[in-house]
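Participant: Provided herewith is a single structure, encoded as structure tokens, for subsequent inquiry.
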Amino acid sequence: MKMIAVDLDGTLLNSNSQVSMENAEAIQEAQSQGVLVTIATGRAFYDAKQICSQAGISTPVIGANGATLHDADGQPIHSIPINRDKAMEVLAWLEANQYYYEAMTDRGIYTPQNGHELMSIEMDRVLSSNPNMTLQSLLHALEKQYEQHGLARIPSYRHVPEEAEIYNILGFSFEAEKLEAGRKRYLEDSELTMVISADHNFEVEHPLASKGSALMRMADMHQIPLSEVMAVGDSYNDISMLKIAGRSVAMGNAHQQIKDLCSTVTLSNQDNGVAHAIRQVLGHSLSL
């Protein structure tokens, strides 16, 4: 393999949203052997870069589910923002229907000031109607949203700066019917691509933006055939890159649909599955 693309959440990151030393060392080992390693995530570039920096690794970043592409030095290579009017239409609908939302831009991730209040109301409803649910499980699902680097709270979507490029809009809800309504609405919208990256969300972006298309662009830039590319992921927003890679690897914790379409399955994100997959293709064995 000459190139490896690795998702973050549920893949490179463990349940504490950290890159383990073993995963970081495996990436560095691959890089030392001339393999181009890139992060491919739904997170914003600046958020992903912060995570990688803390782990002592430096890679290009496919961000916002493929809507942005930056080199290892953090320089922008390519981006595909959502049409501004369309983005405002989506944000207006999410706000009117009381979804927690995030607008990922080149300037920051904008989210409503009343987001905590909205989530508290939903958690109360869900806990009341679903006795098997626990407050801890719901709070854990929110951790990824609240811990992001670059998060900025605003009174309304109308306060997103006019000059900001909007790459990705996320809608989030704990209520099953509400979540499904949002997913269905944007799955059927021909002016957008809708992907799902976690159990309680949906994300929309430009119809030409995807991890797969960004991975193809990067491989072409470096004159690497897709047959020499390995992609590692765990969720539905990884499908586009897993389908085009010569070697597709599903995490042990991945959805079954993801495992079924991949050529191999590695260990879970809690068991350093990325390191295991990398060392397999580098010709090493990893004691389990």
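In the structure tokens, chains take the letters A, B, ... in the order shown, each chain's residues start at 1, and ligands count up from 1 in the order shown.
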As a PDB file with all heavy atoms, in the first residue's frame, please: the residues near A:Val265 (cut-off 6 Å, only C-alpha atoms, same-chain neighbours under 4 positions excluded).
Facilitator:
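Output file out08.pdb is given in full below:
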ATOM      1  N   VAL A 249     -10.969  -1.562   4.974  1.00  0.00           N
ATOM      2  CA  VAL A 249     -10.887  -2.167   6.299  1.00  0.00           C
ATOM      3  C   VAL A 249     -11.964  -1.585   7.201  1.00  0.00           C
ATOM      4  O   VAL A 249     -12.035  -0.374   7.412  1.00  0.00           O
ATOM      5  CB  VAL A 249      -9.497  -1.921   6.938  1.00  0.00           C
ATOM      6  CG1 VAL A 249      -9.426  -2.590   8.310  1.00  0.00           C
ATOM      7  CG2 VAL A 249      -8.386  -2.427   6.024  1.00  0.00           C
ATOM      8  N   ALA A 250     -12.795  -2.461   7.746  1.00  0.00           N
ATOM      9  CA  ALA A 250     -13.824  -2.047   8.709  1.00  0.00           C
ATOM     10  C   ALA A 250     -13.305  -2.280  10.117  1.00  0.00           C
ATOM     11  O   ALA A 250     -12.635  -3.278  10.395  1.00  0.00           O
ATOM     12  CB  ALA A 250     -15.103  -2.847   8.493  1.00  0.00           C
ATOM     13  N   MET A 251     -13.621  -1.348  11.006  1.00  0.00           N
ATOM     14  CA  MET A 251     -13.258  -1.528  12.400  1.00  0.00           C
ATOM     15  C   MET A 251     -14.099  -2.639  13.030  1.00  0.00           C
ATOM     16  O   MET A 251     -15.220  -2.906  12.587  1.00  0.00           O
ATOM     17  CB  MET A 251     -13.470  -0.220  13.160  1.00  0.00           C
ATOM     18  CG  MET A 251     -12.617   0.935  12.663  1.00  0.00           C
ATOM     19  SD  MET A 251     -10.845   0.619  12.845  1.00  0.00           S
ATOM     20  CE  MET A 251     -10.677   0.579  14.636  1.00  0.00           C
TER      21      MET A 251
END
Participant: Can you tell me which residues surround A:Ser156 at a distance of at most 9 Å, considering only C-alpha atoms, apart from same-chain residues fewer than 4 positions away, and format the answer as a PyMOL selection string?
Facilitator: chain A and resi 92+95+111-113+160
Participant: Atoms to include: N, CA, C and O atoms. Write the selected residues as a PDB file, in the first residue's frame.
Facilitator:
ATOM      1  N   ALA A  92     -32.268  27.394   8.573  1.00  0.00           N
ATOM      2  CA  ALA A  92     -33.563  27.966   8.985  1.00  0.00           C
ATOM      3  C   ALA A  92     -34.539  26.857   9.359  1.00  0.00           C
ATOM      4  O   ALA A  92     -35.274  26.971  10.354  1.00  0.00           O
ATOM      5  N   GLU A  95     -33.454  25.248  12.721  1.00  0.00           N
ATOM      6  CA  GLU A  95     -33.746  26.128  13.856  1.00  0.00           C
ATOM      7  C   GLU A  95     -35.257  26.197  14.124  1.00  0.00           C
ATOM      8  O   GLU A  95     -35.688  26.141  15.280  1.00  0.00           O
ATOM      9  N   THR A 111     -22.874  27.147  16.355  1.00  0.00           N
ATOM     10  CA  THR A 111     -23.953  26.375  16.949  1.00  0.00           C
ATOM     11  C   THR A 111     -24.804  27.290  17.825  1.00  0.00           C
ATOM     12  O   THR A 111     -24.298  28.294  18.342  1.00  0.00           O
ATOM     13  N   PRO A 112     -26.092  27.009  17.982  1.00  0.00           N
ATOM     14  CA  PRO A 112     -26.968  27.935  18.719  1.00  0.00           C
ATOM     15  C   PRO A 112     -26.656  27.996  20.214  1.00  0.00           C
ATOM     16  O   PRO A 112     -26.289  26.996  20.826  1.00  0.00           O
ATOM     17  N   GLN A 113     -26.828  29.183  20.766  1.00  0.00           N
ATOM     18  CA  GLN A 113     -26.589  29.381  22.196  1.00  0.00           C
ATOM     19  C   GLN A 113     -27.519  28.538  23.055  1.00  0.00           C
ATOM     20  O   GLN A 113     -27.175  28.160  24.173  1.00  0.00           O
ATOM     21  N   VAL A 160     -24.182  33.594  11.408  1.00  0.00           N
ATOM     22  CA  VAL A 160     -23.030  33.022  10.711  1.00  0.00           C
ATOM     23  C   VAL A 160     -22.491  34.098   9.774  1.00  0.00           C
ATOM     24  O   VAL A 160     -23.241  34.640   8.966  1.00  0.00           O
TER      25      VAL A 160
END
Participant: Can you list, as a list in words, every protein, DNA or RNA residue that comes within 6 Å of A:Val229 when you count only C-alpha atoms, leaving out same-chain residues fewer than 5 positions away?
Facilitator: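 Skipping anything fewer than 5 positions along the chain leaves Met1, Met3, Ile4, Ala245 and Gly246 of chain A.
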Participant: Would you mind exporting the chosen residues as a compact mmCIF listing (two decimals), in the first residue's frame, restricted to C-alpha atoms?
Facilitator:
# COMPACT_ATOMS: atom_id res chain seq x y z
CA MET A 1 0.00 0.00 0.00
CA MET A 3 -1.51 5.45 0.77
CA ILE A 4 -3.67 4.93 3.87
CA ALA A 245 -10.00 1.85 -2.04
CA GLY A 246 -8.02 -1.14 -3.19
Participant: Write out as CSV a residue-level contact list of stretch 184-217 of chain A versus stretch 5-28 of chain A with cut-off 12 Å: for each qualifying residue the closest pair of atoms and the distance in Å to one decimal, counting only C-alpha atoms, rows sorted by chain and residue number upward.
Facilitator:
residue,atom,partner,partner_atom,distance
A:Ser197,CA,A:Asp9,CA,8.7
A:Ala198,CA,A:Asp9,CA,9.1
A:Asp199,CA,A:Gly10,CA,11.8
A:Lys211,CA,A:Ala5,CA,9.5
A:Gly212,CA,A:Ala5,CA,10.1
A:Ala214,CA,A:Ala5,CA,10.6
A:Leu215,CA,A:Ala5,CA,7.7
A:Met216,CA,A:Ala5,CA,10.8
Participant: What's the separation between atom CA of A:Ser210 and atom CA of A:Ser227, in Å to one decimal place?
Facilitator: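 So the answer is 18.9 Å.
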Participant: Could you check which of A:Thr266, A:Leu242, A:Gly273, A:Asp234 is closest to A:Ala254, using only C-alpha atoms?
Facilitator: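 Comparing A:Thr266, A:Leu242, A:Gly273, A:Asp234 against A:Ala254, the winner is A:Asp234.
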Participant: Between A:Ala67, A:Ile244, A:Leu179, A:Ile169, which is the closest to A:Val204 once you count only C-alpha atoms?
Facilitator: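 Smallest distance to A:Val204 is found for A:Ile169.
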Participant: Quick one: residues within 8 Å of stretch 134-138 of chain A, only C-alpha atoms, excluding same-chain residues fewer than 5 positions away - as a list in words?
Facilitator: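 Within the cut-off, the hits are Met123, Leu127 and Phe174 of chain A.
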Participant: Next, dump the selected residues to file, keeping only all heavy atoms, as an mmCIF file, in the first residue's frame.
Facilitator:
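File written: part.cif
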data_model
loop_
_atom_site.group_PDB
_atom_site.id
_atom_site.type_symbol
_atom_site.label_atom_id
_atom_site.label_comp_id
_atom_site.auth_asym_id
_atom_site.auth_seq_id
_atom_site.Cartn_x
_atom_site.Cartn_y
_atom_site.Cartn_z
ATOM 1 N N MET A 123 -33.369 15.104 26.229
ATOM 2 C CA MET A 123 -32.921 14.025 27.116
ATOM 3 C C MET A 123 -33.999 13.671 28.140
ATOM 4 O O MET A 123 -34.230 12.497 28.426
ATOM 5 C CB MET A 123 -31.615 14.418 27.807
ATOM 6 C CG MET A 123 -30.405 14.304 26.892
ATOM 7 S SD MET A 123 -28.806 14.418 27.750
ATOM 8 C CE MET A 123 -28.753 16.159 28.118
ATOM 9 N N LEU A 127 -35.533 9.938 28.246
ATOM 10 C CA LEU A 127 -35.376 9.154 29.471
ATOM 11 C C LEU A 127 -36.721 8.769 30.067
ATOM 12 O O LEU A 127 -36.873 7.689 30.653
ATOM 13 C CB LEU A 127 -34.546 9.936 30.490
ATOM 14 C CG LEU A 127 -33.063 10.100 30.154
ATOM 15 C CD1 LEU A 127 -32.405 11.060 31.132
ATOM 16 C CD2 LEU A 127 -32.348 8.762 30.155
ATOM 17 N N PHE A 174 -31.989 13.322 19.835
ATOM 18 C CA PHE A 174 -32.145 12.051 20.523
ATOM 19 C C PHE A 174 -33.499 11.408 20.233
ATOM 20 O O PHE A 174 -33.703 10.233 20.518
ATOM 21 C CB PHE A 174 -32.025 12.251 22.040
ATOM 22 C CG PHE A 174 -30.615 12.525 22.503
ATOM 23 C CD1 PHE A 174 -30.323 13.657 23.244
ATOM 24 C CD2 PHE A 174 -29.587 11.642 22.205
ATOM 25 C CE1 PHE A 174 -29.032 13.911 23.688
ATOM 26 C CE2 PHE A 174 -28.288 11.883 22.634
ATOM 27 C CZ PHE A 174 -28.015 13.017 23.378
#
Participant: Which parts of stretch 106-224 of chain A does DSSP call strand (DSSP E) when run on the backbone here, written out as a list in words?
Facilitator: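 After running DSSP on the backbone, stretch 106-224 of chain A has strand (DSSP E) at Ile109, Tyr110, Thr111, Pro112, Leu151, Ala152, Arg153, Ile154, Ile166, Tyr167, Asn168, Ile169, Leu170, Gly171, Phe172, Thr193, Met194, Val195, Asn201, Phe202, Glu203, Val204 and Glu205 of chain A.
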